[in-house]
Amino acid sequence: MSSLALRDNEQSGLMARWSRSRHRWSDVLFRRLTACFALSILILLVWMLITLALNARQALARFGWGFLWGRTWDPVREQFGALPFVYGTIVSSTLALCIAVPLSLGVAIFLSEHAPRGWENVVAFLVDTLAAIPSVIYGLWGIFILSPALRNYIEPWLASTFGFLPLFQGPPYGIGMLAGGIILAIMVLPIITAVSRDVLQAVPNTQREAALSLGATRWETTRVVLAHARAGLTGAVILGLGRAIGETMAVTMVIGNRPEISYSLFDPSYTIASVIANEFNEATYELYVQALIELGLILFLVTLIVNAVARLLVWSVTRRTREVQRV
Amino acid sequence: MMTKAKLAMPVNLLEKSTAEPMKRPALDSKVTIEQLNFFYGPVQVLFDISLTMPSRRVTAFIGPSGCGKSTLLRTLNRMNDIIPHARLQGRVKIDGTDIYQTGMDVVRLRQRVGMIFQKSNPFPRSIFENVAYGLRINQLVRSRRELDERVEQALQQAALWDEVKDRLKESAFGLSGGQQQRLCIARALAIRPDVILMDEPASALDPIATQKIEELIVRLKEEYTVVIVTHNMQQAARVSDHTAFFWMGRLIEFDPTEKMFTKPAHQMTEDYITGRFG
């Protein structure tokens with residue numbers, strides 16, 4: 001009896017080992033395969049970096065770090081400096097975020113916390129539609145509607161009200177940094193709104209109930225929800241920033257395309273993406289082409305750094321909450 | 001003021017309950033529900049409920065899942081307001097004031113009627129800040145010292161102080177499930193409500209944590225009116241003074257707990273309590 005049971009045990013042990021090894025086989029295969037896919041992304045990234053660096057090597061060698069600080073961009077005299085473009089890219093993106101973040105957060109909070117059922121879907125649909133409009137259309141709208149409005153009404157008003165600030169001085173062109181920032185703001189609004197809304201809706205309802213049951217008003221309840229969603233909201237903003245930095249067409253059409261560094265938001269400016277798109281076809285000699293490619297390399301690195309910083313930020317916030325949620 | 005709790009009963013009951021615990025005779029009615037009907041959209045979930053809950057006593061709502069006991073509990077602090085398409089007919093009075101009258105300050109109401117939920121739901125903040133939250137938003141304290149005092153008091157009332165006094169600054173999520181639930185009770189007690197609603201407060205806890213919560217509930221009735229929803233009949237028998245049995249959105253029986261569990265007036269109650277259905 002007992003020996004029979006032992007035999008049984010042995011047999012089932014054997015069976016288990018056998019089937020486990022079969023499973024291990026397919027598991028290993030599957031793991032290797034997915035690892036390959038993951039690795040291919042990394043390879044692509046490094047490859048792009050190397051290609052950019054190789055194709056810009058003459059420019060890299062000739063200008064060195066000075067390329068980053070150079071303020072003149074004069075292809076005729078073979079003088080190339082990236083600073084105006086870096087400045088234009090960073091300032092226009094920051095401006096876009098300053099306008100878009102409060103607006104999109106407001107829309108997202110309304111949609112997830114306060115909107116009546118019917119409304120929610122309509123507004124969400126409209127916001128999503130904004131994301132589907134081609135950037136060239138935004139550019140045209142910027143040229144024909146936004147920039148005249150800025151030139152004739154908004155910029156004169158800003159100059160007369162806040163003219164003591166260097167930001168709002170000088171003649172109102174209409175076309176310029178402010179127009180670029182506003183266009184970008186409209187373009188990143190849908191993505192920030194959509195992601196923020198998802199993040200807010202993911203906050204457990206028990207948190208809202210906890211606040212309400214303690215006599216919280218709607219605003220106080222919303223603040224509890226926002227605190228809970230901090231990390232995700234940061235991620236949403238960073239996604240928007242990524243889009244703003246890389247956006248080319250619409251910005252090119254309204255920002256004025258002049259490589260100058262000026263404090264005034266009314267003045268024309270230039271972004272990295274715009275200068276590459278505009279001048280690549282007209283680059284007549286090797287060094288010119290290489291300087292543009294080096295600009296591309298800078299854009300690539302700036303985006304990488306922004307993303308890394310964002311990840312770090314999100315990670316540092318979530319780590320704290322995740323650590324404590326593991327009860 | 002009434003010297004005896006007026007207990008609303010279904011009309012078809014033959015026996016009328018007049019029995020009151022002799023030790024504490026003076027009872028005011030704290031919460032009165034009058035002919036309450038409740039709908040989610042076109043679906044009616046509560047039918048003509050009338051019920052009076054005495055002050056400083058524990059009233060338990062029992063009944064099978066989906067019988068409407070949680071919905072009824074949530075009408076008492078208007079927590080159902082946030083559910084779209086929810087509709088209510090009838091009156092709910094607390095200390096004689098109809099809480100569904102127009103112009104009722106719901107925020108003020110919820111300060112007076114606290115609530116504990118099935119799943120503990122502390123905020124992602126420190127233990128101290130969790131308890132202080134209600135005091136801060138309702139501006140109930142004037143100084144930091146007063147805040148510290150009331151937080152300590154609330155934690156002591158919730159029998160949690162000794163376990164957390166050395167780590168008030170640490171996150172509330174570091175506590176065990178039972179401690180988290182007691183923290184939520186402390187958070188509710190800190191703003192000094194009159195009525196405390198508990199929606200299956202121990203259903204997610206182990207026996208020892210459950211026992212602590214139950215002891216707490218019994219102690220709380222010295223100062224508060226407690227209404228508790230529970231699936232656990234032994235729990236209802238252990239902690240409550242009165243028990244209401246619901247079935248399919250209707251109040252079947254409402255009696256002193258002792259009577260309910262020894263000689264229930266209604267056949268259905270007996271069947272449910274003895275485990276023949278539900």
# chains A, B, ... in the order shown; residues from 1 in each chain; ligands from 1
$ residues_around --residues "segment 89-104 of chain B" --least-positions-apart "5" --cutoff "9 Å" --atoms "only C-alpha atoms" --output "PDB file with N, CA and C atoms, in the first residue's frame"
ATOM      1  N   ASP B  28     -33.716  59.518  22.807  1.00  0.00           N
ATOM      2  CA  ASP B  28     -34.307  60.417  21.817  1.00  0.00           C
ATOM      3  C   ASP B  28     -34.238  59.704  20.487  1.00  0.00           C
ATOM      4  N   SER B  29     -35.136  60.066  19.620  1.00  0.00           N
ATOM      5  CA  SER B  29     -34.967  59.537  18.278  1.00  0.00           C
ATOM      6  C   SER B  29     -34.012  60.459  17.549  1.00  0.00           C
ATOM      7  N   LYS B  30     -32.978  59.873  16.959  1.00  0.00           N
ATOM      8  CA  LYS B  30     -31.944  60.680  16.323  1.00  0.00           C
ATOM      9  C   LYS B  30     -32.216  60.804  14.829  1.00  0.00           C
ATOM     10  N   VAL B  31     -32.383  59.645  14.206  1.00  0.00           N
ATOM     11  CA  VAL B  31     -32.598  59.614  12.763  1.00  0.00           C
ATOM     12  C   VAL B  31     -33.977  59.013  12.495  1.00  0.00           C
ATOM     13  N   THR B  32     -34.773  59.727  11.726  1.00  0.00           N
ATOM     14  CA  THR B  32     -36.094  59.218  11.386  1.00  0.00           C
ATOM     15  C   THR B  32     -36.233  59.146   9.875  1.00  0.00           C
ATOM     16  N   ILE B  33     -36.610  57.979   9.394  1.00  0.00           N
ATOM     17  CA  ILE B  33     -36.847  57.812   7.967  1.00  0.00           C
ATOM     18  C   ILE B  33     -38.341  57.646   7.777  1.00  0.00           C
ATOM     19  N   GLU B  34     -38.919  58.468   6.878  1.00  0.00           N
ATOM     20  CA  GLU B  34     -40.367  58.408   6.685  1.00  0.00           C
ATOM     21  C   GLU B  34     -40.718  58.091   5.246  1.00  0.00           C
ATOM     22  N   GLN B  35     -41.377  56.986   5.045  1.00  0.00           N
ATOM     23  CA  GLN B  35     -41.912  56.591   3.733  1.00  0.00           C
ATOM     24  C   GLN B  35     -40.923  56.836   2.602  1.00  0.00           C
ATOM     25  N   LEU B  36     -39.784  56.246   2.757  1.00  0.00           N
ATOM     26  CA  LEU B  36     -38.729  56.499   1.793  1.00  0.00           C
ATOM     27  C   LEU B  36     -38.772  55.501   0.635  1.00  0.00           C
ATOM     28  N   ASN B  37     -38.779  56.054  -0.585  1.00  0.00           N
ATOM     29  CA  ASN B  37     -38.639  55.239  -1.800  1.00  0.00           C
ATOM     30  C   ASN B  37     -37.396  55.705  -2.524  1.00  0.00           C
ATOM     31  N   PHE B  38     -36.654  54.761  -3.079  1.00  0.00           N
ATOM     32  CA  PHE B  38     -35.414  55.162  -3.731  1.00  0.00           C
ATOM     33  C   PHE B  38     -35.279  54.464  -5.071  1.00  0.00           C
ATOM     34  N   PHE B  39     -34.832  55.237  -6.069  1.00  0.00           N
ATOM     35  CA  PHE B  39     -34.728  54.711  -7.436  1.00  0.00           C
ATOM     36  C   PHE B  39     -33.338  54.927  -8.004  1.00  0.00           C
ATOM     37  N   ASP B  48     -40.912  52.231   0.419  1.00  0.00           N
ATOM     38  CA  ASP B  48     -41.718  52.663   1.550  1.00  0.00           C
ATOM     39  C   ASP B  48     -41.094  52.301   2.901  1.00  0.00           C
ATOM     40  N   ILE B  49     -39.879  52.759   3.099  1.00  0.00           N
ATOM     41  CA  ILE B  49     -39.189  52.450   4.350  1.00  0.00           C
ATOM     42  C   ILE B  49     -39.501  53.509   5.407  1.00  0.00           C
ATOM     43  N   THR B  75     -28.328  57.091   2.107  1.00  0.00           N
ATOM     44  CA  THR B  75     -29.266  58.218   2.044  1.00  0.00           C
ATOM     45  C   THR B  75     -29.114  59.092   3.295  1.00  0.00           C
ATOM     46  N   LEU B  76     -28.509  58.542   4.358  1.00  0.00           N
ATOM     47  CA  LEU B  76     -28.462  59.270   5.624  1.00  0.00           C
ATOM     48  C   LEU B  76     -27.414  60.370   5.644  1.00  0.00           C
ATOM     49  N   ASN B  77     -26.404  60.299   4.766  1.00  0.00           N
ATOM     50  CA  ASN B  77     -25.500  61.451   4.632  1.00  0.00           C
ATOM     51  C   ASN B  77     -25.463  61.942   3.183  1.00  0.00           C
ATOM     52  N   ARG B  78     -26.493  61.603   2.456  1.00  0.00           N
ATOM     53  CA  ARG B  78     -26.668  62.020   1.060  1.00  0.00           C
ATOM     54  C   ARG B  78     -25.468  61.663   0.197  1.00  0.00           C
ATOM     55  N   LEU B 109     -23.965  68.861   6.551  1.00  0.00           N
ATOM     56  CA  LEU B 109     -24.598  67.599   6.950  1.00  0.00           C
ATOM     57  C   LEU B 109     -23.564  66.496   7.117  1.00  0.00           C
TER      58      LEU B 109
END
$ residues_around --residues "Lys69 of chain B" --least-positions-apart "3" --cutoff "8 Å" --atoms "only C-alpha atoms" --output "compact mmCIF listing (two decimals) with C-alpha atoms, in the first residue's frame"
# COMPACT_ATOMS: atom_id res chain seq x y z
CA PHE B 61 -29.02 46.80 9.00
CA ILE B 62 -28.95 43.17 7.93
CA GLY B 63 -30.22 41.31 4.88
CA GLY B 66 -28.71 43.61 -2.96
CA LEU B 72 -30.42 53.17 2.68
CA LEU B 73 -27.32 53.87 4.76
CA VAL B 229 -24.58 47.66 7.70
CA PHE B 246 -34.31 44.06 4.83
CA GLY B 249 -35.75 46.66 -0.80
$ residues_around --residues "Met248 of chain B" --least-positions-apart "4" --cutoff "8 Å" --atoms "only C-alpha atoms" --output "list in words"
Val45, Leu46, Gly66, Cys67 and Gly68 of chain B
$ write_last_selection --atoms "N, CA and C atoms" --output "PDB file, in the first residue's frame"
ATOM      1  N   VAL B  45     -35.283  50.591  -5.782  1.00  0.00           N
ATOM      2  CA  VAL B  45     -34.503  49.690  -4.938  1.00  0.00           C
ATOM      3  C   VAL B  45     -34.920  49.729  -3.469  1.00  0.00           C
ATOM      4  N   LEU B  46     -35.642  50.771  -3.059  1.00  0.00           N
ATOM      5  CA  LEU B  46     -36.146  50.812  -1.685  1.00  0.00           C
ATOM      6  C   LEU B  46     -37.630  51.149  -1.731  1.00  0.00           C
ATOM      7  N   GLY B  66     -27.793  42.994  -2.023  1.00  0.00           N
ATOM      8  CA  GLY B  66     -28.709  43.613  -2.961  1.00  0.00           C
ATOM      9  C   GLY B  66     -30.065  43.936  -2.366  1.00  0.00           C
ATOM     10  N   CYS B  67     -30.198  43.862  -1.032  1.00  0.00           N
ATOM     11  CA  CYS B  67     -31.508  44.131  -0.432  1.00  0.00           C
ATOM     12  C   CYS B  67     -31.713  45.623  -0.208  1.00  0.00           C
ATOM     13  N   GLY B  68     -30.684  46.432  -0.487  1.00  0.00           N
ATOM     14  CA  GLY B  68     -30.845  47.877  -0.385  1.00  0.00           C
ATOM     15  C   GLY B  68     -30.346  48.477   0.915  1.00  0.00           C
TER      16      GLY B  68
END
$ interface_residues --of "chain B" --to "chain A" --cutoff "9 Å" --atoms "only C-alpha atoms" --output "number ranges by chain"
B: 77, 79, 84, 106-117, 119-124, 133-135, 137-138, 171-177, 184, 187-188, 191
$ residues_around --residues "Gly142 of chain A" --least-positions-apart "6" --cutoff "10 Å" --atoms "only C-alpha atoms" --output "PDB file with N, CA, C and O atoms, in the first residue's frame"
ATOM      1  N   VAL A 136      -0.458  71.381 -40.817  1.00  0.00           N
ATOM      2  CA  VAL A 136      -0.478  72.417 -41.855  1.00  0.00           C
ATOM      3  C   VAL A 136      -1.734  73.284 -41.741  1.00  0.00           C
ATOM      4  O   VAL A 136      -1.709  74.502 -41.947  1.00  0.00           O
ATOM      5  N   PRO A 148      -3.178  87.953 -37.552  1.00  0.00           N
ATOM      6  CA  PRO A 148      -3.806  89.284 -37.620  1.00  0.00           C
ATOM      7  C   PRO A 148      -4.444  89.695 -36.299  1.00  0.00           C
ATOM      8  O   PRO A 148      -4.351  90.865 -35.902  1.00  0.00           O
ATOM      9  N   ALA A 149      -5.046  88.710 -35.617  1.00  0.00           N
ATOM     10  CA  ALA A 149      -5.678  89.035 -34.332  1.00  0.00           C
ATOM     11  C   ALA A 149      -4.625  89.500 -33.335  1.00  0.00           C
ATOM     12  O   ALA A 149      -4.825  90.465 -32.596  1.00  0.00           O
ATOM     13  N   LEU A 150      -3.494  88.794 -33.324  1.00  0.00           N
ATOM     14  CA  LEU A 150      -2.416  89.180 -32.420  1.00  0.00           C
ATOM     15  C   LEU A 150      -1.910  90.576 -32.757  1.00  0.00           C
ATOM     16  O   LEU A 150      -1.737  91.423 -31.887  1.00  0.00           O
ATOM     17  N   GLY A 174       2.669  90.272 -35.056  1.00  0.00           N
ATOM     18  CA  GLY A 174       1.670  89.215 -35.284  1.00  0.00           C
ATOM     19  C   GLY A 174       2.362  87.885 -35.447  1.00  0.00           C
ATOM     20  O   GLY A 174       2.155  86.958 -34.673  1.00  0.00           O
ATOM     21  N   ILE A 175       3.238  87.817 -36.458  1.00  0.00           N
ATOM     22  CA  ILE A 175       4.064  86.623 -36.628  1.00  0.00           C
ATOM     23  C   ILE A 175       5.225  86.681 -35.640  1.00  0.00           C
ATOM     24  O   ILE A 175       5.877  87.707 -35.541  1.00  0.00           O
ATOM     25  N   ALA A 179       2.914  83.902 -31.357  1.00  0.00           N
ATOM     26  CA  ALA A 179       2.053  83.129 -32.257  1.00  0.00           C
ATOM     27  C   ALA A 179       2.465  81.662 -32.251  1.00  0.00           C
ATOM     28  O   ALA A 179       1.617  80.756 -32.175  1.00  0.00           O
ATOM     29  N   GLY A 180       3.792  81.412 -32.313  1.00  0.00           N
ATOM     30  CA  GLY A 180       4.276  80.040 -32.287  1.00  0.00           C
ATOM     31  C   GLY A 180       3.857  79.326 -31.014  1.00  0.00           C
ATOM     32  O   GLY A 180       3.397  78.186 -31.040  1.00  0.00           O
ATOM     33  N   ILE A 182       1.339  79.996 -29.006  1.00  0.00           N
ATOM     34  CA  ILE A 182      -0.107  79.758 -28.935  1.00  0.00           C
ATOM     35  C   ILE A 182      -0.502  78.576 -29.821  1.00  0.00           C
ATOM     36  O   ILE A 182      -1.267  77.695 -29.411  1.00  0.00           O
ATOM     37  N   ILE A 183       0.041  78.544 -31.047  1.00  0.00           N
ATOM     38  CA  ILE A 183      -0.261  77.425 -31.947  1.00  0.00           C
ATOM     39  C   ILE A 183       0.156  76.103 -31.312  1.00  0.00           C
ATOM     40  O   ILE A 183      -0.600  75.133 -31.285  1.00  0.00           O
ATOM     41  N   ALA A 250       3.510  73.675 -38.335  1.00  0.00           N
ATOM     42  CA  ALA A 250       2.679  74.809 -37.924  1.00  0.00           C
ATOM     43  C   ALA A 250       3.541  75.926 -37.340  1.00  0.00           C
ATOM     44  O   ALA A 250       3.315  77.109 -37.618  1.00  0.00           O
ATOM     45  N   VAL A 251       4.550  75.549 -36.563  1.00  0.00           N
ATOM     46  CA  VAL A 251       5.420  76.539 -35.939  1.00  0.00           C
ATOM     47  C   VAL A 251       6.188  77.310 -37.013  1.00  0.00           C
ATOM     48  O   VAL A 251       6.281  78.536 -36.979  1.00  0.00           O
ATOM     49  N   MET A 253       5.331  78.023 -39.882  1.00  0.00           N
ATOM     50  CA  MET A 253       4.474  78.942 -40.610  1.00  0.00           C
ATOM     51  C   MET A 253       4.179  80.227 -39.848  1.00  0.00           C
ATOM     52  O   MET A 253       3.852  81.245 -40.457  1.00  0.00           O
ATOM     53  N   VAL A 254       4.289  80.215 -38.518  1.00  0.00           N
ATOM     54  CA  VAL A 254       3.899  81.422 -37.775  1.00  0.00           C
ATOM     55  C   VAL A 254       4.992  82.048 -36.922  1.00  0.00           C
ATOM     56  O   VAL A 254       4.812  83.133 -36.381  1.00  0.00           O
ATOM     57  N   ILE A 255       6.134  81.392 -36.767  1.00  0.00           N
ATOM     58  CA  ILE A 255       7.092  81.908 -35.774  1.00  0.00           C
ATOM     59  C   ILE A 255       8.017  82.975 -36.350  1.00  0.00           C
ATOM     60  O   ILE A 255       8.686  83.703 -35.618  1.00  0.00           O
TER      61      ILE A 255
END
$ closest_residue --among "A:Ile99, A:Leu239, A:Leu60, A:Glu113" --to "Ala308 of chain A" --atoms "only C-alpha atoms"
A:Leu239
$ select_by_dssp --residues "segment 88-134 of chain B" --states "strand (DSSP E)" --output "list in words"
Leu88, Gln89, Gly90, Arg91, Val92, Lys93, Ile94, Thr97, Asp98, Val113, Gly114, Met115 and Ile116 of chain B
$ select_by_dssp --residues "segment 73-289 of chain A" --states "alpha helix (DSSP H)" --output "number ranges by chain"
A: 83-109, 117-132, 135-141, 147-149, 155-162, 177-201, 205-213, 218-246, 249-254, 272-279, 286-289
$ atom_distance --atom1 "atom CA of Tyr153 of chain A" --atom2 "atom CA of Leu165 of chain A"
18.3 Å
$ residues_around --residues "Val195 of chain A" --least-positions-apart "4" --cutoff "12 Å" --atoms "only C-alpha atoms" --output "ChimeraX atom specification"
/A:101,104-105,107-109,111-112,124,127-128,188-191,199-202,229,231-240
$ atom_distance --atom1 "atom CA of Ser126 of chain B" --atom2 "atom CA of Met198 of chain B"
23.2 Å
$ closest_residue --among "A:Ile90, A:Ser196, A:Thr221, A:Ala131" --to "Val306 of chain A" --atoms "only C-alpha atoms"
A:Ile90
$ residues_around --residues "segment 200-214 of chain B" --least-positions-apart "4" --cutoff "9 Å" --atoms "only C-alpha atoms" --output "PyMOL selection string"
chain B and resi 70+116-120+158-159+177-179+181-182+218-219+228-232+235+238-239
$ residues_around --residues "Ile273 of chain B" --least-positions-apart "6" --cutoff "9 Å" --atoms "only C-alpha atoms" --output "number ranges by chain"
B: 233, 260-261
$ write_last_selection --atoms "N, CA and C atoms" --output "CSV table (one decimal), in the first residue's frame"
chain,number,residue,atom,x,y,z
B,233,MET,N,-24.3,38.1,10.7
B,233,MET,CA,-25.4,38.2,11.7
B,233,MET,C,-24.9,38.1,13.1
B,260,MET,N,-35.0,40.2,18.2
B,260,MET,CA,-34.8,39.7,16.8
B,260,MET,C,-34.1,38.4,16.7
B,261,PHE,N,-33.2,38.2,17.6
B,261,PHE,CA,-32.4,37.0,17.4
B,261,PHE,C,-32.9,35.8,18.3
$ atom_distance --atom1 "atom CA of Asn257 of chain A" --atom2 "atom CA of Pro134 of chain A"
20.5 Å
